[in-house]
Each structure stands twice: as C-alpha cells, then as structure tokens.
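**Student:** Provided herewith: input_21.csv, CSV, C-alpha atoms and all ligand atoms.
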```csv
chain,number,residue,atom,x,y,z
A,1,MET,CA,13.9,75.6,14.3
A,2,LYS,CA,11.2,76.9,16.7
A,3,PHE,CA,7.7,77.8,15.7
A,4,ASP,CA,5.3,79.5,18.2
A,5,ILE,CA,1.8,79.5,16.8
A,6,LEU,CA,-0.8,81.9,18.3
A,7,THR,CA,-4.3,80.7,17.7
A,8,LEU,CA,-7.8,80.5,19.1
A,9,PHE,CA,-8.1,76.9,17.9
A,10,PRO,CA,-5.0,74.9,19.0
A,11,ALA,CA,-6.8,71.6,18.7
A,12,MET,CA,-6.8,72.0,14.9
A,13,PHE,CA,-3.0,71.4,14.8
A,14,GLU,CA,-3.5,67.9,16.2
A,15,GLY,CA,-2.8,65.5,13.3
A,16,PRO,CA,-1.1,67.7,10.6
A,17,LEU,CA,1.8,68.5,13.0
A,18,THR,CA,1.8,65.3,15.0
A,19,GLU,CA,2.1,62.7,12.2
A,20,SER,CA,4.7,61.4,9.7
A,21,ILE,CA,7.7,63.6,8.7
A,22,ILE,CA,6.8,66.6,11.0
A,23,ARG,CA,6.3,64.2,14.0
A,24,ARG,CA,9.7,62.7,13.3
A,25,ALA,CA,11.4,66.1,13.0
A,26,VAL,CA,9.9,67.1,16.3
A,27,GLU,CA,11.0,63.8,18.0
A,28,ARG,CA,14.5,64.3,16.6
A,29,GLY,CA,14.7,67.9,17.9
A,30,LEU,CA,14.9,69.5,14.5
A,31,LEU,CA,11.6,71.2,15.0
A,32,ASP,CA,10.0,72.6,18.1
A,33,ILE,CA,6.3,73.6,17.7
A,34,ARG,CA,4.5,75.3,20.5
A,35,LEU,CA,0.8,76.4,20.4
A,36,HIS,CA,-0.4,79.4,22.4
A,37,GLN,CA,-4.1,80.0,23.1
A,38,ILE,CA,-4.7,83.7,22.5
A,39,ARG,CA,-7.8,83.7,24.7
A,40,ASP,CA,-5.6,82.9,27.7
A,41,PHE,CA,-4.2,86.4,27.3
A,42,ALA,CA,-7.5,88.2,27.4
A,43,THR,CA,-7.8,90.0,30.8
A,44,ASP,CA,-11.5,90.6,31.2
A,45,ARG,CA,-13.8,88.2,33.0
A,46,HIS,CA,-15.3,86.7,29.8
A,47,LYS,CA,-12.0,86.3,28.0
A,48,VAL,CA,-13.2,88.3,25.1
A,49,VAL,CA,-10.8,88.3,22.1
A,50,ASP,CA,-12.9,90.1,19.4
A,51,ASP,CA,-15.0,93.2,19.0
A,52,ALA,CA,-17.1,95.0,16.4
A,53,PRO,CA,-15.2,97.0,13.8
A,54,TYR,CA,-14.8,100.8,14.2
A,55,GLY,CA,-16.6,102.5,11.3
A,56,GLY,CA,-19.3,99.7,11.2
A,57,GLY,CA,-19.7,96.8,8.9
A,58,ASP,CA,-20.1,93.1,9.2
A,59,GLY,CA,-18.2,90.6,11.3
A,60,MET,CA,-15.9,91.0,14.2
A,61,VAL,CA,-12.2,91.9,14.5
A,62,MET,CA,-9.6,90.3,16.7
A,63,LYS,CA,-8.6,92.7,19.5
A,64,VAL,CA,-5.0,93.9,19.7
A,65,GLU,CA,-4.5,93.5,23.5
A,66,PRO,CA,-4.7,89.7,23.8
A,67,ILE,CA,-2.5,89.2,20.7
A,68,ALA,CA,0.0,91.8,21.9
A,69,ALA,CA,0.2,90.2,25.4
A,70,CYS,CA,0.6,86.7,23.8
A,71,ILE,CA,3.4,87.9,21.5
A,72,GLU,CA,5.2,89.6,24.4
A,73,ALA,CA,5.0,86.5,26.6
A,74,VAL,CA,6.4,84.3,23.8
A,75,LYS,CA,9.2,86.9,23.1
A,76,VAL,CA,10.5,86.5,26.7
A,77,GLU,CA,11.8,83.1,25.6
A,78,ARG,CA,12.2,84.0,21.9
A,79,PRO,CA,13.5,87.5,21.8
A,80,HIS,CA,14.7,87.3,18.2
A,81,ALA,CA,11.7,85.6,16.8
A,82,ARG,CA,10.4,86.7,13.4
A,83,VAL,CA,6.7,87.5,13.7
A,84,ILE,CA,4.5,86.4,10.8
A,85,LEU,CA,0.8,87.3,10.3
A,86,THR,CA,-1.3,85.0,8.2
A,87,THR,CA,-3.5,87.1,5.9
A,88,PRO,CA,-4.9,86.9,2.4
A,89,ARG,CA,-3.5,90.5,2.0
A,90,GLY,CA,0.1,89.2,2.5
A,91,ARG,CA,3.0,88.3,0.2
A,92,LEU,CA,2.5,85.0,-1.5
A,93,PHE,CA,4.0,82.2,0.6
A,94,ASP,CA,5.9,80.3,-2.1
A,95,ASP,CA,8.9,78.1,-2.4
A,96,ALA,CA,11.3,81.0,-2.1
A,97,ALA,CA,9.5,82.2,1.1
A,98,ALA,CA,9.7,78.7,2.6
A,99,ARG,CA,13.4,78.6,1.9
A,100,GLU,CA,13.9,82.0,3.4
A,101,LEU,CA,11.9,81.1,6.5
A,102,ALA,CA,13.9,78.0,7.0
A,103,GLN,CA,16.9,80.2,7.6
A,104,GLU,CA,15.3,81.6,10.8
A,105,ASP,CA,15.8,80.0,14.2
A,106,GLU,CA,12.6,81.4,15.9
A,107,VAL,CA,9.3,82.2,14.2
A,108,ILE,CA,6.0,83.3,15.7
A,109,VAL,CA,2.9,82.8,13.5
A,110,ILE,CA,-0.3,84.7,14.3
A,111,CYS,CA,-3.5,83.0,13.1
A,112,GLY,CA,-6.3,85.4,12.4
A,113,ARG,CA,-10.1,84.6,12.6
A,114,TYR,CA,-13.3,86.5,11.8
A,115,GLU,CA,-12.6,89.6,9.7
A,116,GLY,CA,-8.9,89.5,10.7
A,117,VAL,CA,-6.8,91.2,13.4
A,118,ASP,CA,-6.7,94.8,14.4
A,119,GLU,CA,-4.3,96.6,12.1
A,120,ARG,CA,-2.2,97.7,15.0
A,121,VAL,CA,-1.0,94.1,15.5
A,122,ARG,CA,0.6,94.4,12.0
A,123,GLU,CA,1.9,97.9,12.6
A,124,LEU,CA,3.5,97.2,16.0
A,125,PHE,CA,4.6,93.6,16.0
A,126,VAL,CA,4.6,92.0,12.5
A,127,ASP,CA,7.7,91.4,10.4
A,128,ASP,CA,6.1,89.6,7.4
A,129,GLU,CA,2.5,89.1,6.2
A,130,PHE,CA,2.0,85.9,4.3
A,131,SER,CA,-0.8,84.5,2.2
A,132,ILE,CA,-0.9,80.9,1.1
A,133,GLY,CA,-2.8,81.9,-2.1
A,134,ASP,CA,-5.5,83.9,-3.6
A,135,VAL,CA,-8.3,82.3,-1.6
A,136,VAL,CA,-9.9,83.4,1.7
A,137,LEU,CA,-9.8,80.8,4.5
A,138,THR,CA,-12.0,80.8,7.6
A,139,GLY,CA,-8.9,81.2,9.7
A,140,GLY,CA,-5.1,81.4,9.7
A,141,GLU,CA,-4.6,77.9,11.3
A,142,LEU,CA,-4.5,76.0,8.0
A,143,ALA,CA,-2.2,78.6,6.5
A,144,ALA,CA,0.1,78.3,9.5
A,145,MET,CA,0.2,74.5,9.1
A,146,VAL,CA,1.1,74.9,5.4
A,147,MET,CA,3.9,77.3,6.3
A,148,VAL,CA,5.4,75.0,9.0
A,149,ASP,CA,5.1,71.9,6.7
A,150,ALA,CA,6.6,73.6,3.6
A,151,THR,CA,9.4,75.3,5.7
A,152,ALA,CA,10.3,72.1,7.5
A,153,ARG,CA,11.3,70.4,4.3
A,154,PHE,CA,14.2,72.8,3.9
A,155,ILE,CA,15.5,72.2,7.4
A,156,PRO,CA,18.6,70.0,7.0
A,157,GLY,CA,17.8,66.5,8.2
A,158,VAL,CA,14.0,66.7,8.1
A,159,LEU,CA,13.6,64.8,4.8
A,160,GLY,CA,14.8,61.2,4.5
A,161,SER,CA,17.0,61.9,1.4
A,162,PRO,CA,18.8,65.2,1.6
A,163,GLY,CA,18.5,66.1,-2.1
A,164,SER,CA,14.9,65.4,-2.6
A,165,ALA,CA,13.6,68.9,-1.9
A,166,GLU,CA,16.0,70.1,-4.6
A,167,MET,CA,14.4,67.9,-7.2
A,168,ASP,CA,10.8,68.9,-6.4
A,169,THR,CA,8.5,71.2,-8.3
A,170,PHE,CA,9.6,74.9,-8.1
A,171,SER,CA,13.2,74.2,-7.0
A,172,ASN,CA,14.6,74.8,-10.4
A,173,GLY,CA,11.9,77.1,-11.5
A,174,LEU,CA,9.9,74.4,-13.3
A,175,LEU,CA,7.1,72.0,-12.4
A,176,GLU,CA,8.4,68.5,-11.8
A,177,TYR,CA,8.4,65.7,-14.4
A,178,PRO,CA,5.8,62.8,-13.9
A,179,HIS,CA,6.7,59.8,-11.8
A,180,TYR,CA,5.8,56.1,-12.3
A,181,THR,CA,6.4,52.9,-10.3
A,182,ARG,CA,5.5,49.3,-10.6
A,183,PRO,CA,3.5,47.8,-12.4
A,184,ALA,CA,4.9,48.7,-15.9
A,185,GLU,CA,1.4,48.3,-17.3
A,186,PHE,CA,-1.9,49.1,-15.6
A,187,ARG,CA,-5.3,48.7,-17.4
A,188,GLY,CA,-3.6,49.2,-20.8
A,189,SER,CA,-1.6,52.3,-19.6
A,190,THR,CA,2.1,51.7,-19.8
A,191,VAL,CA,5.2,53.3,-18.4
A,192,PRO,CA,7.2,55.3,-21.0
A,193,PRO,CA,9.8,52.9,-22.3
A,194,VAL,CA,12.7,55.2,-21.7
A,195,LEU,CA,12.2,54.8,-18.0
A,196,LEU,CA,12.7,51.1,-18.3
A,197,SER,CA,15.8,51.5,-20.6
A,198,GLY,CA,18.4,51.9,-17.9
A,199,ASN,CA,19.9,54.7,-20.0
A,200,HIS,CA,20.4,57.4,-17.4
A,201,ALA,CA,21.3,60.2,-19.9
A,202,GLU,CA,18.1,59.5,-21.9
A,203,VAL,CA,16.0,59.3,-18.7
A,204,ALA,CA,17.4,62.7,-17.6
A,205,ARG,CA,16.7,64.2,-21.1
A,206,TRP,CA,13.1,62.8,-21.0
A,207,ARG,CA,12.5,64.2,-17.5
A,208,ARG,CA,13.7,67.6,-18.4
A,209,ARG,CA,11.5,67.7,-21.5
A,210,LYS,CA,8.5,66.5,-19.5
A,211,ALA,CA,9.2,69.2,-16.8
A,212,LEU,CA,9.3,71.9,-19.5
A,213,GLU,CA,6.2,70.6,-21.2
A,214,LYS,CA,4.2,70.4,-17.9
A,215,THR,CA,5.3,74.0,-17.0
A,216,LEU,CA,4.5,75.3,-20.5
A,217,ARG,CA,1.0,73.8,-20.4
A,218,THR,CA,0.1,74.5,-16.7
A,219,ARG,CA,2.2,77.4,-15.4
A,220,PRO,CA,3.8,79.3,-18.4
A,221,ASP,CA,4.3,82.2,-16.0
A,222,LEU,CA,7.1,80.2,-14.3
A,223,LEU,CA,9.1,80.0,-17.5
A,224,GLU,CA,9.8,83.8,-17.4
A,225,ARG,CA,11.9,83.3,-14.3
A,226,ALA,CA,13.3,79.8,-14.8
A,227,VAL,CA,17.0,79.3,-15.6
A,228,LEU,CA,17.0,77.8,-19.1
A,229,ASN,CA,19.9,76.6,-21.3
A,230,SER,CA,19.9,76.5,-25.1
A,231,ASN,CA,18.7,72.9,-25.1
A,232,ASP,CA,15.8,73.9,-23.0
A,233,ARG,CA,14.9,76.8,-25.3
A,234,GLN,CA,15.0,74.6,-28.3
A,235,CYS,CA,12.9,72.0,-26.6
A,236,LEU,CA,10.4,74.7,-25.6
A,237,ALA,CA,10.2,75.9,-29.2
A,238,GLU,CA,9.4,72.4,-30.3
A,239,LEU,CA,6.8,71.9,-27.6
A,240,GLU,CA,5.2,75.2,-28.4
A,241,SER,CA,4.8,74.3,-32.1
A,242,GLU,CA,3.5,70.8,-31.1
A,243,ILE,CA,0.9,72.4,-28.7
A,244,CYS,CA,-0.2,75.0,-31.4
A,245,ARG,CA,-0.7,72.3,-34.0
B,301,LIG,N1,-11.5,90.0,6.0
B,301,LIG,C1,-10.2,89.4,5.6
B,301,LIG,C2,-9.9,89.9,4.2
B,301,LIG,O1,-10.9,90.1,3.4
B,301,LIG,O2,-8.7,90.1,3.8
B,301,LIG,C3,-10.3,87.9,5.6
B,301,LIG,C4,-10.3,87.4,7.0
B,301,LIG,S1,-10.3,85.6,7.0
B,301,LIG,C5,-12.0,85.2,6.9
B,301,LIG,C6,-9.8,85.2,8.6
B,301,LIG,C7,-8.4,84.9,8.8
B,301,LIG,O3,-8.0,83.8,8.0
B,301,LIG,C8,-7.3,85.9,8.4
B,301,LIG,O4,-7.2,86.9,9.4
B,301,LIG,C9,-6.1,85.1,8.2
B,301,LIG,O5,-5.4,84.9,9.4
B,301,LIG,C10,-6.6,83.8,7.7
B,301,LIG,N2,-6.6,83.7,6.2
B,301,LIG,C11,-7.6,83.7,5.3
B,301,LIG,N3,-7.2,83.5,4.1
B,301,LIG,C12,-5.8,83.4,4.1
B,301,LIG,C13,-4.8,83.2,3.2
B,301,LIG,N4,-5.1,83.1,1.9
B,301,LIG,N5,-3.5,83.1,3.6
B,301,LIG,C14,-3.2,83.2,4.9
B,301,LIG,N6,-4.2,83.4,5.9
B,301,LIG,C15,-5.4,83.5,5.5
```
Step by step, read the file and then write its structure as structure tokens.
**Tutor:**
Amino acid sequence: MKFDILTLFPAMFEGPLTESIIRRAVERGLLDIRLHQIRDFATDRHKVVDDAPYGGGDGMVMKVEPIAACIEAVKVERPHARVILTTPRGRLFDDAAARELAQEDEVIVICGRYEGVDERVRELFVDDEFSIGDVVLTGGELAAMVMVDATARFIPGVLGSPGSAEMDTFSNGLLEYPHYTRPAEFRGSTVPPVLLSGNHAEVARWRRRKALEKTLRTRPDLLERAVLNSNDRQCLAELESEICR
C-alpha cells in the first residue's frame, strides 16, 4: 500500500514511521510511505503557503495553489490515489475506517496547519475528510501518522501473527478483555486463577465476560452495534445488576 503524505513538517514523521512494525513493513515492501513538502510547490519568491482569511478573523489559512500543485504532482505517479484531508470536521477515523482504507492501493493524506486549508482543496481534490477524534491538534501530521499506523495493521503480512488484529479491541464490536503475563503474583495482586487452569473453554468464557464488562463500564455506546448472542445478553443482564448494586 502506498501513502503519500503532504506536509509542511516532514521531519515530524521521523520515528513514528521509521521504527518497529511500520519500519519492517516498509522494508518488506508492504508499505511505501513518501513525504512531500508542500512549501516546495509554492511558486513565489518567498515560498509562501498561507495567507489571511477572507472575511477577517484570527489565524492564517493554507493556500490552495501549493496544495493543488503538490496533489497534481503526486497524482502523475498515483493516478488512482484516494485523497484524504485531515480535519477535526471530518468523519471519525475509527476501526471500520482503517479497515476500509487498507483496501486502497494508493492514498494521499493532506496535513493541515494554522486554521486549516482553503475550502477549495476539499471541494476540488478531496475524497474523504477524517478526524482522529473530538480534539483539535496543532496540525494534521499526528493524525496522518495515526491513520497510517492503524491502517497498516490491516494490511496482510504487516502484523507478526495474522489473527491478532481480529482479536483486538473494536474488531468484534467490544473492548478487549484484560491481559496478564508472568509473574502470577505481583505485590499481592494475582492473576485470575482461570487463566492458570489450562481449561480453554473456561478461559474463553472468562475473556468474553470481561470484554462485555469492560465495554459496559467504559463504552456502553458500543454495545448498541455489537453482535451479541443469547449468552452475551444474559451475561450483560447479570453484569448490569452487579454494577447497579
Ligand atoms: N480551525 C480548525 C477547526 O476549528 O476546525 C482547526 C485547525 S487545526 C489547529 C490545524 C490542522 O490540524 C487541521 O487543518 C487538520 O489538518 C489538523 N487537525 C486538527 N485536529 C484534528 C483532528 N481531530 N483530526 C485530524 N486532523 C486534525
């Protein structure tokens, strides 16, 4: 999968996209991440990329021409690329969006700065607007890194064990059950005995119950869309009455 990231701060990507799982994915040719300096596409002598907003008000707005020229230059090599704008005004970039994006072969991500980008960028070039959550970041770079990282996990071969993304939080509509590893006791806190029992059916039942409990306590909104069987519903009813007690 190919990501072309349009940014005024390419150095920010050093580290998050050059270490660990993402680095290995790049080395193995599963991911190709290219950074493009938007300023290189400004044509005036001072390489200006922003200007004051029409209508007045605080802050600066990223100009349309350098971004347009940068997208068009990238599109010469990536004619079918899906163009994404990072913006707090976008659709929430969640697990479903990451899975969807992983189906694409070529993706261009525009990182905004200042008050954002001239609306004509969206109007003329953008396929999707994505927000990483109901917070305002200083720029789209961190959002772009989040999108690349979360999407990469769904590219076949990127994760060490192929099924692990399917077991994670959100994959089945629930938050994940808790994990433990050695030692079995730490400062008086012990691992739940069922996990030491070797009884796989009991472990699976315990994990499902814990996933339901965590979701009910932390993100009850997810339960409205989760696929639940009759055992789950009974378990939830028990948990609800326990929590209310
Ligand atoms: N004035 C804008 C608004 O109120 O919607 C906020 C602009 S923000 C300071 C600058 C840039 O950061 C945005 O253009 C966008 O690229 C990025 N950004 C900020 N918050 C974001 C979020 N939650 N998700 C994705 N990108 C975000």
**Student:** With distances taken over all atoms listed in the file, which of A:Met147, A:Val158, A:Ala68, A:Val74 is nearest to Arg28 (chain A)?
**Tutor:**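 Checking each of A:Met147, A:Val158, A:Ala68, A:Val74 against Arg28 (chain A), counting all atoms listed in the file, the winner is A:Val158.
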**Student:** I'd like the neighbourhood of Ile84 (chain A) as a tab-separated table (two decimals) with C-alpha atoms, keeping the file's coordinate frame, where a residue qualifies if any of its atoms comes within 10 Å (using only C-alpha atoms), though same-chain residues fewer than 2 positions away should be ignored.
**Tutor:**
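So out-v1.tsv came out as:
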```tsv
chain	number	residue	atom	x	y	z
A	5	ILE	CA	1.80	79.50	16.80
A	81	ALA	CA	11.70	85.60	16.80
A	82	ARG	CA	10.40	86.70	13.40
A	86	THR	CA	-1.30	85.00	8.20
A	87	THR	CA	-3.50	87.10	5.90
A	90	GLY	CA	0.10	89.20	2.50
A	107	VAL	CA	9.30	82.20	14.20
A	108	ILE	CA	6.00	83.30	15.70
A	109	VAL	CA	2.90	82.80	13.50
A	110	ILE	CA	-0.30	84.70	14.30
A	111	CYS	CA	-3.50	83.00	13.10
A	122	ARG	CA	0.60	94.40	12.00
A	125	PHE	CA	4.60	93.60	16.00
A	126	VAL	CA	4.60	92.00	12.50
A	127	ASP	CA	7.70	91.40	10.40
A	128	ASP	CA	6.10	89.60	7.40
A	129	GLU	CA	2.50	89.10	6.20
A	130	PHE	CA	2.00	85.90	4.30
A	144	ALA	CA	0.10	78.30	9.50
```
**Student:** Report as a PyMOL selection string which protein, DNA and RNA residues come within 7 Å of ligand LIG 301 (chain B), using all atoms listed in the file.
**Tutor:** chain A and resi 85-89+111-117+130-140+143
**Student:** For Ala165 (chain A), work out the shell of residues within 12 Å, counting only C-alpha atoms and skipping chain neighbours fewer than 2 positions away, then give it as a PyMOL selection string.
**Tutor:** chain A and resi 95+98-99+150-163+167-172+176
**Student:** In Å, rounded to a single decimal, give me how far CA of Thr218 (chain A) is from CA of Cys244 (chain A).
**Tutor:**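 Computing the Euclidean distance for CA of Cys244 (chain A) and CA of Thr218 (chain A) yields 14.7 Å.
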**Student:** Quick one: distance from CA of Arg209 (chain A) to CA of Cys235 (chain A) in Å, one decimal?
**Tutor:**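 Here the two named atoms are 6.8 Å from each other.
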**Student:** Which one of A:Ala11, A:Val49, A:Ile21, A:Ala211 sits closest to Tyr177 (chain A) if you count only C-alpha atoms?
**Tutor:**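 The shortest atom-to-atom distance to Tyr177 (chain A) comes from A:Ala211.
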**Student:** Put region 151-164 of chain A into a file with all heavy atoms, as a short mmCIF file (atom, residue, chain, number, x, y, z; two decimals), in the first residue's frame.
**Tutor:**
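Saved file selection_3.cif follows:
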```cif
data_model
loop_
_atom_site.label_atom_id
_atom_site.label_comp_id
_atom_site.auth_asym_id
_atom_site.auth_seq_id
_atom_site.Cartn_x
_atom_site.Cartn_y
_atom_site.Cartn_z
N THR A 151 -4.04 1.78 9.86
CA THR A 151 -4.38 1.12 8.59
C THR A 151 -3.41 -0.01 8.31
O THR A 151 -3.82 -1.09 7.85
CB THR A 151 -4.35 2.15 7.44
OG1 THR A 151 -5.25 3.20 7.76
CG2 THR A 151 -4.74 1.53 6.12
N ALA A 152 -2.13 0.23 8.59
CA ALA A 152 -1.10 -0.78 8.28
C ALA A 152 -1.39 -2.11 8.96
O ALA A 152 -1.09 -3.18 8.41
CB ALA A 152 0.27 -0.25 8.71
N ARG A 153 -2.00 -2.07 10.15
CA ARG A 153 -2.28 -3.31 10.88
C ARG A 153 -3.23 -4.23 10.11
O ARG A 153 -3.28 -5.42 10.38
CB ARG A 153 -2.89 -2.99 12.26
CG ARG A 153 -1.99 -2.13 13.12
CD ARG A 153 -2.59 -1.79 14.46
NE ARG A 153 -2.59 -2.93 15.35
CZ ARG A 153 -3.64 -3.63 15.67
NH1 ARG A 153 -4.82 -3.32 15.19
NH2 ARG A 153 -3.54 -4.66 16.49
N PHE A 154 -4.00 -3.65 9.17
CA PHE A 154 -4.93 -4.48 8.40
C PHE A 154 -4.38 -4.88 7.04
O PHE A 154 -5.10 -5.48 6.24
CB PHE A 154 -6.27 -3.75 8.24
CG PHE A 154 -6.97 -3.54 9.56
CD1 PHE A 154 -7.14 -2.28 10.09
CD2 PHE A 154 -7.42 -4.64 10.29
CE1 PHE A 154 -7.76 -2.10 11.31
CE2 PHE A 154 -8.04 -4.48 11.52
CZ PHE A 154 -8.21 -3.20 12.03
N ILE A 155 -3.13 -4.54 6.76
CA ILE A 155 -2.52 -4.98 5.51
C ILE A 155 -1.95 -6.38 5.75
O ILE A 155 -1.15 -6.56 6.68
CB ILE A 155 -1.41 -4.00 5.06
CG1 ILE A 155 -2.00 -2.60 4.84
CG2 ILE A 155 -0.70 -4.51 3.82
CD1 ILE A 155 -0.96 -1.53 4.58
N PRO A 156 -2.38 -7.35 4.95
CA PRO A 156 -1.91 -8.72 5.19
C PRO A 156 -0.38 -8.78 5.24
O PRO A 156 0.30 -8.22 4.40
CB PRO A 156 -2.46 -9.49 3.97
CG PRO A 156 -3.65 -8.68 3.53
CD PRO A 156 -3.31 -7.25 3.82
N GLY A 157 0.12 -9.44 6.31
CA GLY A 157 1.57 -9.63 6.44
C GLY A 157 2.25 -8.62 7.33
O GLY A 157 3.39 -8.82 7.75
N VAL A 158 1.56 -7.52 7.66
CA VAL A 158 2.22 -6.48 8.47
C VAL A 158 2.38 -6.92 9.93
O VAL A 158 3.44 -6.72 10.53
CB VAL A 158 1.47 -5.12 8.38
CG1 VAL A 158 1.96 -4.15 9.44
CG2 VAL A 158 1.65 -4.52 6.98
N LEU A 159 1.36 -7.53 10.50
CA LEU A 159 1.45 -7.99 11.89
C LEU A 159 2.06 -9.39 11.93
O LEU A 159 1.79 -10.21 11.04
CB LEU A 159 0.08 -8.01 12.56
CG LEU A 159 -0.58 -6.65 12.77
CD1 LEU A 159 -1.87 -6.81 13.55
CD2 LEU A 159 0.35 -5.67 13.49
N GLY A 160 2.85 -9.64 12.97
CA GLY A 160 3.52 -10.93 13.12
C GLY A 160 2.55 -12.09 13.05
O GLY A 160 2.71 -13.00 12.25
N SER A 161 1.50 -12.04 13.90
CA SER A 161 0.53 -13.14 13.86
C SER A 161 -0.73 -12.64 13.15
O SER A 161 -1.34 -11.66 13.59
CB SER A 161 0.21 -13.67 15.25
OG SER A 161 -0.09 -12.62 16.11
N PRO A 162 -1.10 -13.29 12.05
CA PRO A 162 -2.14 -12.79 11.16
C PRO A 162 -3.48 -12.52 11.85
O PRO A 162 -4.18 -11.57 11.51
CB PRO A 162 -2.30 -13.88 10.11
CG PRO A 162 -1.24 -14.89 10.35
CD PRO A 162 -0.57 -14.60 11.65
N GLY A 163 -3.83 -13.35 12.88
CA GLY A 163 -5.15 -13.18 13.50
C GLY A 163 -5.19 -12.09 14.56
O GLY A 163 -6.25 -11.77 15.07
N SER A 164 -4.03 -11.51 14.91
CA SER A 164 -4.04 -10.69 16.12
C SER A 164 -4.89 -9.43 15.98
O SER A 164 -5.52 -9.00 16.94
CB SER A 164 -2.62 -10.36 16.59
OG SER A 164 -1.94 -9.63 15.63
#
```
